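Okay, structure.cif now, which holds mmCIF, C-alpha atoms, pLDDT in the B column; chains and numbers go by the auth columns:
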data_input
loop_
_atom_site.group_PDB
_atom_site.id
_atom_site.type_symbol
_atom_site.label_atom_id
_atom_site.label_comp_id
_atom_site.label_asym_id
_atom_site.label_seq_id
_atom_site.Cartn_x
_atom_site.Cartn_y
_atom_site.Cartn_z
_atom_site.B_iso_or_equiv
_atom_site.auth_seq_id
_atom_site.auth_asym_id
ATOM 1 C CA MET A 1 171.931 156.737 203.070 97.00 1 L
ATOM 2 C CA VAL A 2 170.075 157.792 199.896 98.00 2 L
ATOM 3 C CA HIS A 3 167.138 156.004 198.286 98.00 3 L
ATOM 4 C CA THR A 4 166.222 156.702 194.666 96.00 4 L
ATOM 5 C CA PRO A 5 162.958 155.532 193.088 96.00 5 L
ATOM 6 C CA PRO A 6 163.010 153.340 189.953 94.00 6 L
ATOM 7 C CA ARG A 7 162.075 156.282 187.691 89.00 7 L
ATOM 8 C CA TYR A 8 164.904 158.448 189.012 91.00 8 L
ATOM 9 C CA GLN A 9 166.999 160.212 186.370 83.00 9 L
ATOM 10 C CA ASP A 10 169.813 162.681 186.935 71.00 10 L
ATOM 11 C CA SER A 11 168.039 165.326 184.879 73.00 11 L
ATOM 12 C CA ALA A 12 164.735 165.152 186.764 83.00 12 L
ATOM 13 C CA ALA A 13 164.224 167.387 189.811 94.00 13 L
ATOM 14 C CA LEU A 14 162.370 165.233 192.341 97.00 14 L
ATOM 15 C CA PRO A 15 160.945 166.062 195.767 98.00 15 L
ATOM 16 C CA LEU A 16 163.217 165.189 198.705 98.00 16 L
ATOM 17 C CA VAL A 17 162.263 163.800 202.115 98.00 17 L
ATOM 18 C CA VAL A 18 164.882 164.003 204.878 99.00 18 L
ATOM 19 C CA ALA A 19 164.027 161.190 207.319 98.00 19 L
ATOM 20 C CA MET A 20 165.619 161.238 210.785 98.00 20 L
ATOM 21 C CA HIS A 21 165.877 158.364 213.221 98.00 21 L
ATOM 22 C CA SER A 22 164.968 158.155 216.889 97.00 22 L
ATOM 23 C CA TYR A 23 167.523 157.880 219.716 97.00 23 L
ATOM 24 C CA PRO A 24 169.445 155.616 219.998 96.00 24 L
ATOM 25 C CA SER A 25 169.158 154.437 216.419 96.00 25 L
ATOM 26 C CA ASP A 26 170.331 154.787 212.825 97.00 26 L
ATOM 27 C CA ALA A 27 169.367 155.254 209.197 97.00 27 L
ATOM 28 C CA ALA A 28 168.454 151.611 208.603 97.00 28 L
ATOM 29 C CA GLN A 29 165.988 151.688 211.488 96.00 29 L
ATOM 30 C CA ILE A 30 163.998 154.694 210.332 97.00 30 L
ATOM 31 C CA ALA A 31 163.993 153.375 206.761 97.00 31 L
ATOM 32 C CA ALA A 32 162.536 150.059 207.949 96.00 32 L
ATOM 33 C CA THR A 33 160.022 151.584 210.350 97.00 33 L
ATOM 34 C CA SER A 34 158.737 154.362 208.117 98.00 34 L
ATOM 35 C CA GLY A 35 158.478 152.327 204.925 97.00 35 L
ATOM 36 C CA LEU A 36 159.463 155.471 203.036 98.00 36 L
ATOM 37 C CA ASN A 37 161.465 153.584 200.410 98.00 37 L
ATOM 38 C CA ALA A 38 158.372 151.775 199.149 98.00 38 L
ATOM 39 C CA LYS A 39 156.382 155.013 199.279 98.00 39 L
ATOM 40 C CA ALA A 40 159.111 156.813 197.320 98.00 40 L
ATOM 41 C CA ASP A 41 159.121 154.083 194.678 97.00 41 L
ATOM 42 C CA LYS A 42 155.375 154.492 194.226 97.00 42 L
ATOM 43 C CA GLU A 43 155.219 158.307 194.321 97.00 43 L
ATOM 44 C CA ASN A 44 158.603 159.097 192.705 96.00 44 L
ATOM 45 C CA PHE A 45 160.570 161.078 195.289 97.00 45 L
ATOM 46 C CA LEU A 46 164.026 160.923 196.874 98.00 46 L
ATOM 47 C CA VAL A 47 164.690 159.989 200.500 98.00 47 L
ATOM 48 C CA VAL A 48 167.867 160.716 202.430 98.00 48 L
ATOM 49 C CA TYR A 49 168.515 159.173 205.841 98.00 49 L
ATOM 50 C CA PRO A 50 171.182 161.121 207.770 98.00 50 L
ATOM 51 C CA GLU A 51 172.773 159.473 210.803 97.00 51 L
ATOM 52 C CA GLY A 52 173.336 161.540 213.913 97.00 52 L
ATOM 53 C CA TYR A 53 176.621 161.250 215.817 97.00 53 L
ATOM 54 C CA SER A 54 176.471 158.512 218.492 97.00 54 L
ATOM 55 C CA ARG A 55 173.053 157.464 217.138 97.00 55 L
ATOM 56 C CA ALA A 56 171.431 160.787 218.140 98.00 56 L
ATOM 57 C CA TYR A 57 170.650 164.293 216.930 98.00 57 L
ATOM 58 C CA ASN A 58 171.356 167.473 218.857 98.00 58 L
ATOM 59 C CA ALA A 59 167.680 168.409 218.775 97.00 59 L
ATOM 60 C CA LEU A 60 165.616 170.545 221.144 96.00 60 L
ATOM 61 C CA ILE A 61 166.066 168.560 224.378 94.00 61 L
ATOM 62 C CA CYS A 62 168.498 165.802 223.393 93.00 62 L
ATOM 63 C CA CYS A 63 171.264 164.830 222.543 95.00 63 L
ATOM 64 C CA GLY A 64 174.914 165.894 222.386 93.00 64 L
ATOM 65 C CA THR A 65 176.520 169.104 221.167 95.00 65 L
ATOM 66 C CA GLU A 66 177.068 168.424 217.464 97.00 66 L
ATOM 67 C CA ASP A 67 176.102 171.026 214.859 98.00 67 L
ATOM 68 C CA ASP A 68 173.333 168.894 213.401 98.00 68 L
ATOM 69 C CA VAL A 69 171.610 171.919 211.873 98.00 69 L
ATOM 70 C CA GLY A 70 174.790 172.521 209.867 98.00 70 L
ATOM 71 C CA PHE A 71 174.997 168.806 209.097 98.00 71 L
ATOM 72 C CA ILE A 72 171.469 168.703 207.655 98.00 72 L
ATOM 73 C CA ARG A 73 172.080 171.944 205.749 98.00 73 L
ATOM 74 C CA THR A 74 175.067 170.266 204.088 98.00 74 L
ATOM 75 C CA VAL A 75 173.105 167.092 203.350 98.00 75 L
ATOM 76 C CA VAL A 76 170.259 169.009 201.698 98.00 76 L
ATOM 77 C CA ALA A 77 172.687 171.118 199.652 98.00 77 L
ATOM 78 C CA ALA A 78 174.397 167.947 198.409 98.00 78 L
ATOM 79 C CA MET A 79 171.061 166.369 197.519 98.00 79 L
ATOM 80 C CA VAL A 80 170.090 169.438 195.490 97.00 80 L
ATOM 81 C CA ALA A 81 173.469 169.806 193.776 96.00 81 L
ATOM 82 C CA GLU A 82 174.420 166.163 193.197 95.00 82 L
ATOM 83 C CA TRP A 83 171.121 164.269 193.200 95.00 83 L
ATOM 84 C CA LYS A 84 169.034 166.991 191.525 93.00 84 L
ATOM 85 C CA ALA A 85 166.461 167.292 194.312 97.00 85 L
ATOM 86 C CA ASP A 86 163.910 170.065 193.776 97.00 86 L
ATOM 87 C CA PRO A 87 164.745 172.869 196.264 98.00 87 L
ATOM 88 C CA LYS A 88 161.088 173.949 196.272 98.00 88 L
ATOM 89 C CA ARG A 89 159.972 170.513 197.468 98.00 89 L
ATOM 90 C CA VAL A 90 162.262 169.613 200.362 98.00 90 L
ATOM 91 C CA TYR A 91 160.606 168.109 203.442 99.00 91 L
ATOM 92 C CA ALA A 92 161.678 166.730 206.819 98.00 92 L
ATOM 93 C CA THR A 93 160.252 163.971 208.943 98.00 93 L
ATOM 94 C CA GLY A 94 161.535 162.061 211.930 98.00 94 L
ATOM 95 C CA MET A 95 160.520 159.889 214.836 98.00 95 L
ATOM 96 C CA SER A 96 160.997 160.875 218.482 98.00 96 L
ATOM 97 C CA ASN A 97 164.444 162.580 218.652 98.00 97 L
ATOM 98 C CA GLY A 98 164.292 162.905 214.850 98.00 98 L
ATOM 99 C CA GLY A 99 160.834 164.460 215.110 98.00 99 L
ATOM 100 C CA ASP A 100 162.103 167.025 217.613 98.00 100 L
ATOM 101 C CA MET A 101 164.939 167.735 215.165 98.00 101 L
ATOM 102 C CA SER A 102 162.487 168.497 212.363 98.00 102 L
ATOM 103 C CA TYR A 103 161.012 171.352 214.408 98.00 103 L
ATOM 104 C CA LYS A 104 164.508 172.702 215.066 98.00 104 L
ATOM 105 C CA LEU A 105 165.301 172.619 211.359 98.00 105 L
ATOM 106 C CA ALA A 106 162.061 174.435 210.503 98.00 106 L
ATOM 107 C CA VAL A 107 163.150 177.319 212.728 98.00 107 L
ATOM 108 C CA GLU A 108 166.930 177.343 212.201 98.00 108 L
ATOM 109 C CA LEU A 109 167.162 176.608 208.459 98.00 109 L
ATOM 110 C CA PRO A 110 164.772 179.234 207.079 98.00 110 L
ATOM 111 C CA GLY A 111 163.784 178.758 203.474 97.00 111 L
ATOM 112 C CA THR A 112 165.007 175.144 203.326 98.00 112 L
ATOM 113 C CA PHE A 113 161.916 173.075 204.143 98.00 113 L
ATOM 114 C CA ALA A 114 158.439 173.518 202.708 98.00 114 L
ATOM 115 C CA ALA A 115 156.866 171.285 205.369 98.00 115 L
ATOM 116 C CA ILE A 116 157.788 168.951 208.235 99.00 116 L
ATOM 117 C CA ALA A 117 156.201 165.834 209.728 99.00 117 L
ATOM 118 C CA PRO A 118 157.295 165.091 213.315 98.00 118 L
ATOM 119 C CA VAL A 119 156.100 161.634 214.375 98.00 119 L
ATOM 120 C CA SER A 120 155.928 161.184 218.150 98.00 120 L
ATOM 121 C CA GLY A 121 158.166 164.244 218.415 98.00 121 L
ATOM 122 C CA GLY A 122 157.607 167.729 219.736 98.00 122 L
ATOM 123 C CA PHE A 123 158.350 171.423 219.865 98.00 123 L
ATOM 124 C CA ILE A 124 159.792 171.136 223.360 97.00 124 L
ATOM 125 C CA GLY A 125 162.658 172.229 225.578 95.00 125 L
ATOM 126 C CA ALA A 126 164.126 175.562 226.683 95.00 126 L
ATOM 127 C CA LYS A 127 164.476 177.056 223.187 94.00 127 L
ATOM 128 C CA ALA A 128 160.886 176.247 222.319 95.00 128 L
ATOM 129 C CA LYS A 129 159.725 178.296 225.303 94.00 129 L
ATOM 130 C CA GLU A 130 161.335 181.469 223.945 96.00 130 L
ATOM 131 C CA GLU A 131 158.741 183.737 222.280 96.00 131 L
ATOM 132 C CA ALA A 132 161.089 184.649 219.436 97.00 132 L
ATOM 133 C CA TYR A 133 161.855 181.019 218.568 98.00 133 L
ATOM 134 C CA LYS A 134 159.645 180.375 215.528 98.00 134 L
ATOM 135 C CA PRO A 135 160.031 180.008 211.755 98.00 135 L
ATOM 136 C CA SER A 136 160.810 183.254 209.928 97.00 136 L
ATOM 137 C CA VAL A 137 159.368 181.876 206.675 97.00 137 L
ATOM 138 C CA PRO A 138 156.316 179.602 206.343 98.00 138 L
ATOM 139 C CA VAL A 139 156.808 175.891 207.119 98.00 139 L
ATOM 140 C CA SER A 140 153.681 173.736 207.253 98.00 140 L
ATOM 141 C CA VAL A 141 153.429 170.949 209.837 98.00 141 L
ATOM 142 C CA ILE A 142 151.703 167.585 210.053 98.00 142 L
ATOM 143 C CA THR A 143 152.273 165.676 213.271 98.00 143 L
ATOM 144 C CA PHE A 144 151.095 162.464 214.951 98.00 144 L
ATOM 145 C CA LEU A 145 150.622 162.267 218.725 98.00 145 L
ATOM 146 C CA GLY A 146 149.815 159.205 220.828 98.00 146 L
ATOM 147 C CA GLY A 147 147.510 159.672 223.785 97.00 147 L
ATOM 148 C CA ARG A 148 149.521 157.102 225.749 97.00 148 L
ATOM 149 C CA ASP A 149 152.881 158.642 224.897 98.00 149 L
ATOM 150 C CA ARG A 150 154.776 159.559 228.072 97.00 150 L
ATOM 151 C CA TYR A 151 155.616 162.917 226.483 97.00 151 L
ATOM 152 C CA ILE A 152 152.069 163.789 225.391 98.00 152 L
ATOM 153 C CA GLY A 153 151.714 166.704 227.821 98.00 153 L
ATOM 154 C CA GLU A 154 154.896 168.336 226.521 97.00 154 L
ATOM 155 C CA PHE A 155 153.961 167.673 222.897 98.00 155 L
ATOM 156 C CA GLU A 156 150.532 169.251 223.336 98.00 156 L
ATOM 157 C CA ALA A 157 152.037 172.309 225.036 97.00 157 L
ATOM 158 C CA GLY A 158 154.519 172.627 222.176 98.00 158 L
ATOM 159 C CA ILE A 159 151.826 172.492 219.497 97.00 159 L
ATOM 160 C CA THR A 160 149.910 175.198 221.364 97.00 160 L
ATOM 161 C CA GLN A 161 152.996 177.425 221.542 97.00 161 L
ATOM 162 C CA TRP A 162 153.792 176.882 217.851 98.00 162 L
ATOM 163 C CA GLN A 163 150.276 177.829 216.794 97.00 163 L
ATOM 164 C CA GLN A 164 150.102 180.850 219.089 97.00 164 L
ATOM 165 C CA ARG A 165 153.380 182.257 217.757 97.00 165 L
ATOM 166 C CA LEU A 166 152.286 181.819 214.160 98.00 166 L
ATOM 167 C CA ALA A 167 148.804 183.241 214.779 98.00 167 L
ATOM 168 C CA CYS A 168 147.078 180.059 213.687 97.00 168 L
ATOM 169 C CA ALA A 169 143.283 180.033 213.662 95.00 169 L
ATOM 170 C CA PRO A 170 141.632 177.841 216.311 87.00 170 L
ATOM 171 C CA ALA A 171 140.949 174.384 214.904 82.00 171 L
ATOM 172 C CA GLU A 172 137.978 172.178 215.712 83.00 172 L
ATOM 173 C CA PRO A 173 138.793 168.447 215.826 86.00 173 L
ATOM 174 C CA ALA A 174 137.302 166.281 213.101 88.00 174 L
ATOM 175 C CA ALA A 175 137.010 162.514 213.186 82.00 175 L
ATOM 176 C CA ALA A 176 139.832 161.025 211.130 79.00 176 L
ATOM 177 C CA SER A 177 139.354 157.303 211.601 77.00 177 L
ATOM 178 C CA THR A 178 138.030 154.721 214.011 82.00 178 L
ATOM 179 C CA LYS A 179 139.493 154.299 217.531 89.00 179 L
ATOM 180 C CA GLY A 180 138.646 157.881 218.478 94.00 180 L
ATOM 181 C CA ILE A 181 141.362 159.348 216.263 96.00 181 L
ATOM 182 C CA THR A 182 140.914 163.024 215.454 95.00 182 L
ATOM 183 C CA ARG A 183 142.513 165.473 213.052 96.00 183 L
ATOM 184 C CA THR A 184 142.710 169.224 213.475 96.00 184 L
ATOM 185 C CA THR A 185 143.738 171.594 210.689 96.00 185 L
ATOM 186 C CA ALA A 186 144.696 175.197 211.428 96.00 186 L
ATOM 187 C CA GLU A 187 145.569 177.949 208.957 97.00 187 L
ATOM 188 C CA CYS A 188 148.312 180.217 210.277 98.00 188 L
ATOM 189 C CA GLY A 189 149.020 183.910 209.890 97.00 189 L
ATOM 190 C CA ASP A 190 152.139 183.368 207.782 97.00 190 L
ATOM 191 C CA GLY A 191 150.293 181.180 205.270 97.00 191 L
ATOM 192 C CA SER A 192 151.443 177.845 206.687 98.00 192 L
ATOM 193 C CA GLU A 193 149.170 175.067 207.912 97.00 193 L
ATOM 194 C CA VAL A 194 149.274 172.874 211.014 98.00 194 L
ATOM 195 C CA GLN A 195 147.590 169.471 210.949 97.00 195 L
ATOM 196 C CA VAL A 196 147.553 167.323 214.090 97.00 196 L
ATOM 197 C CA TYR A 197 146.499 163.686 214.311 97.00 197 L
ATOM 198 C CA ARG A 198 145.703 162.647 217.883 97.00 198 L
ATOM 199 C CA ILE A 199 145.646 158.886 218.408 97.00 199 L
ATOM 200 C CA PRO A 200 144.272 158.133 221.897 96.00 200 L
ATOM 201 C CA GLU A 201 145.315 154.469 222.096 95.00 201 L
ATOM 202 C CA MET A 202 148.846 154.883 220.724 97.00 202 L
ATOM 203 C CA GLY A 203 152.045 155.182 222.716 97.00 203 L
ATOM 204 C CA HIS A 204 155.424 156.472 221.523 97.00 204 L
ATOM 205 C CA GLY A 205 155.803 155.201 217.977 97.00 205 L
ATOM 206 C CA TRP A 206 155.161 155.408 214.231 98.00 206 L
ATOM 207 C CA PRO A 207 151.478 154.833 213.426 98.00 207 L
ATOM 208 C CA GLY A 208 150.854 152.252 210.756 97.00 208 L
ATOM 209 C CA ALA A 209 154.422 150.916 210.727 97.00 209 L
ATOM 210 C CA ALA A 210 154.467 147.161 210.171 92.00 210 L
ATOM 211 C CA GLN A 211 158.031 146.567 211.341 90.00 211 L
ATOM 212 C CA GLY A 212 161.016 148.164 213.008 86.00 212 L
ATOM 213 C CA THR A 213 161.686 150.059 216.223 82.00 213 L
ATOM 214 C CA LEU A 214 158.661 151.806 217.758 92.00 214 L
ATOM 215 C CA SER A 215 156.296 150.437 215.112 96.00 215 L
ATOM 216 C CA GLN A 216 152.565 150.829 215.843 95.00 216 L
ATOM 217 C CA PRO A 217 150.842 148.679 213.193 95.00 217 L
ATOM 218 C CA ASP A 218 147.404 148.849 214.804 94.00 218 L
ATOM 219 C CA ALA A 219 147.313 152.595 215.436 95.00 219 L
ATOM 220 C CA GLY A 220 144.417 153.151 213.036 95.00 220 L
ATOM 221 C CA VAL A 221 146.147 155.523 210.606 96.00 221 L
ATOM 222 C CA ASN A 222 149.246 155.279 208.450 97.00 222 L
ATOM 223 C CA ALA A 223 151.625 158.177 209.100 98.00 223 L
ATOM 224 C CA THR A 224 153.729 157.494 205.990 98.00 224 L
ATOM 225 C CA ASP A 225 150.761 157.721 203.632 98.00 225 L
ATOM 226 C CA LEU A 226 149.370 160.808 205.334 98.00 226 L
ATOM 227 C CA LEU A 227 152.633 162.728 205.594 98.00 227 L
ATOM 228 C CA TRP A 228 153.423 162.189 201.929 98.00 228 L
ATOM 229 C CA GLU A 229 149.918 163.335 200.938 98.00 229 L
ATOM 230 C CA PHE A 230 150.502 166.465 203.057 98.00 230 L
ATOM 231 C CA PHE A 231 153.979 167.087 201.627 98.00 231 L
ATOM 232 C CA ALA A 232 152.747 166.724 198.052 98.00 232 L
ATOM 233 C CA ALA A 233 150.106 169.383 198.739 98.00 233 L
ATOM 234 C CA HIS A 234 152.615 171.826 200.292 98.00 234 L
ATOM 235 C CA PRO A 235 155.431 172.900 197.971 97.00 235 L
ATOM 236 C CA LYS A 236 157.074 176.277 198.587 94.00 236 L
#
Write-out of the structure in structure tokens:
Amino acid sequence: MVHTPPRYQDSAALPLVVAMHSYPSDAAQIAATSGLNAKADKENFLVVYPEGYSRAYNALICCGTEDDVGFIRTVVAAMVAEWKADPKRVYATGMSNGGDMSYKLAVELPGTFAAIAPVSGGFIGAKAKEEAYKPSVPVSVITFLGGRDRYIGEFEAGITQWQQRLACAPAEPAAASTKGITRTTAECGDGSEVQVYRIPEMGHGWPGAAQGTLSQPDAGVNATDLLWEFFAAHPK
């Protein structure tokens, strides 16, 4: 499912956001929850919502055996060739299973994504524990973690592993909002950046979402606004 902003023209190369759903879910769900269509209309970028087979992606710990890395590679290539997306400004985001998938894409599709934004997703599973499993070209990361998420321990361990492998500088937490929310920003050895929002009172969901599956309207920050601000500041 592709969303074009009102100012879209075939001749204009626009940024592209690949937005991936949670499990079990679909394109319509992540479009509704993230509110990315309205954000795209305001900021003038393309959004594509792939749908994983059987409502899932073959990400780092779940689900299935499909070649979803190849699937997303094909989707991005079509968006560049047919929809005139700017290959220097291609980004990935996703919630839960889709967030896990964004980390996998950052590692296994080198040179494709300038930055990723996993929301309530993590760098987890057997592959993530392998020392050699890391991006071979810089991919910046912004992520949102709920302190009451049942996976928070795994997500935190994954962020630590990611930053260690990329030789990221230690980051001191800074207050980002009310409700005890903090933001850390780390510069990494390959030139990428890792920004982590920790939201103590949030569970497994999309912070700031007003509707849809796993919405967290009272989280205290708006992930959609923040991830787009981060993407816009991180072209290749």
Answer key for the PyMOL selection byres ((chain L and resi 98-115) around 6), residues as number ranges by chain: L: 20-22, 59, 90-92, 94-97, 116, 118-119, 121-122, 134-135, 139-141, 235-236
Take the PyMOL selection byres ((chain L and resi 161) around 12), apply it to the structure above, and return the hits as a ChimeraX atom specification. /L:122-125,127-134,154-160,162-168
To verify the selection step, state as a PyMOL selection string which residues the PyMOL selection byres ((chain L and resi 145-153) around 7) yields on this input. chain L and resi 120+143-144+154-157+197-204
Let me see the file: selected residues, C-alpha atoms, as a PDB file, keeping the file's coordinate frame.
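What follows is the written file part.pdb:
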ATOM      1  CA  SER L 120     155.928 161.184 218.150  1.00 98.00           C
ATOM      2  CA  THR L 143     152.273 165.676 213.271  1.00 98.00           C
ATOM      3  CA  PHE L 144     151.095 162.464 214.951  1.00 98.00           C
ATOM      4  CA  GLU L 154     154.896 168.336 226.521  1.00 97.00           C
ATOM      5  CA  PHE L 155     153.961 167.673 222.897  1.00 98.00           C
ATOM      6  CA  GLU L 156     150.532 169.251 223.336  1.00 98.00           C
ATOM      7  CA  ALA L 157     152.037 172.309 225.036  1.00 97.00           C
ATOM      8  CA  TYR L 197     146.499 163.686 214.311  1.00 97.00           C
ATOM      9  CA  ARG L 198     145.703 162.647 217.883  1.00 97.00           C
ATOM     10  CA  ILE L 199     145.646 158.886 218.408  1.00 97.00           C
ATOM     11  CA  PRO L 200     144.272 158.133 221.897  1.00 96.00           C
ATOM     12  CA  GLU L 201     145.315 154.469 222.096  1.00 95.00           C
ATOM     13  CA  MET L 202     148.846 154.883 220.724  1.00 97.00           C
ATOM     14  CA  GLY L 203     152.045 155.182 222.716  1.00 97.00           C
ATOM     15  CA  HIS L 204     155.424 156.472 221.523  1.00 97.00           C
TER      16      HIS L 204
END
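With distances restricted to only C-alpha atoms, L:Pro5 is the closest residue to Leu36 in chain L from L:Pro50, L:Pro138, L:Pro5, L:Gly220.
Computed from the coordinates, the CA of Ala117 in chain L to CA of Thr93 in chain L distance equals 4.5 Å.
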Which residue, L:Met79, L:Pro24, L:Ala38, L:Thr182, has the smallest gap to Cys62 in chain L when you use all atoms listed in the file? L:Pro24
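Distances from L:Cys63, L:Trp83, L:Asp68, L:Ser25 to Gln9 in chain L were compared using all atoms listed in the file, and the smallest one belongs to L:Trp83.
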From the options L:Asp86, L:Asp67, L:Asp26, L:Asp41, which residue's atoms come nearest to Ala12 in chain L, counting only C-alpha atoms?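 Closest to Ala12 in chain L of all the choices is L:Asp86.
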CA of Ala40 in chain L to CA of His3 in chain L, straight-line distance in Å: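 Separation of CA of His3 in chain L and CA of Ala40 in chain L: 8.1 Å.
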Neighbour list for Pro87 in chain L as a short mmCIF file (atom, residue, chain, number, x, y, z; two decimals) with C-alpha atoms, in the frame of the given file, cut-off 9 Å, all atoms listed in the file, skip fewer than 6 positions in-chain:
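Contents of around.cif, as written:
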data_model
loop_
_atom_site.label_atom_id
_atom_site.label_comp_id
_atom_site.auth_asym_id
_atom_site.auth_seq_id
_atom_site.Cartn_x
_atom_site.Cartn_y
_atom_site.Cartn_z
CA ALA L 13 164.22 167.39 189.81
CA LEU L 14 162.37 165.23 192.34
CA PRO L 15 160.94 166.06 195.77
CA LEU L 16 163.22 165.19 198.70
CA VAL L 76 170.26 169.01 201.70
CA ALA L 77 172.69 171.12 199.65
CA VAL L 80 170.09 169.44 195.49
CA THR L 112 165.01 175.14 203.33
CA PHE L 113 161.92 173.08 204.14
CA LYS L 236 157.07 176.28 198.59
#
L:Lys42, L:Lys88, L:Arg55, L:His234 ranked by distance to Gly191 in chain L, top pick (using only C-alpha atoms):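 Nearest candidate to Gly191 in chain L out of L:Lys42, L:Lys88, L:Arg55, L:His234: L:His234.
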Taking only C-alpha atoms into account, name the residue in L:Val17, L:Tyr57, L:Ala32, L:Glu43 that is nearest to Ala209 in chain L.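 Nearest to Ala209 in chain L: L:Ala32.
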Would you pick out the contacts of Ala219 in chain L at 6 Å or less, using all atoms listed in the file, so that residues sharing its chain but fewer than 3 positions from it are not included, and give the list as a VMD selection string? chain L and resid 202 207 to 208 216
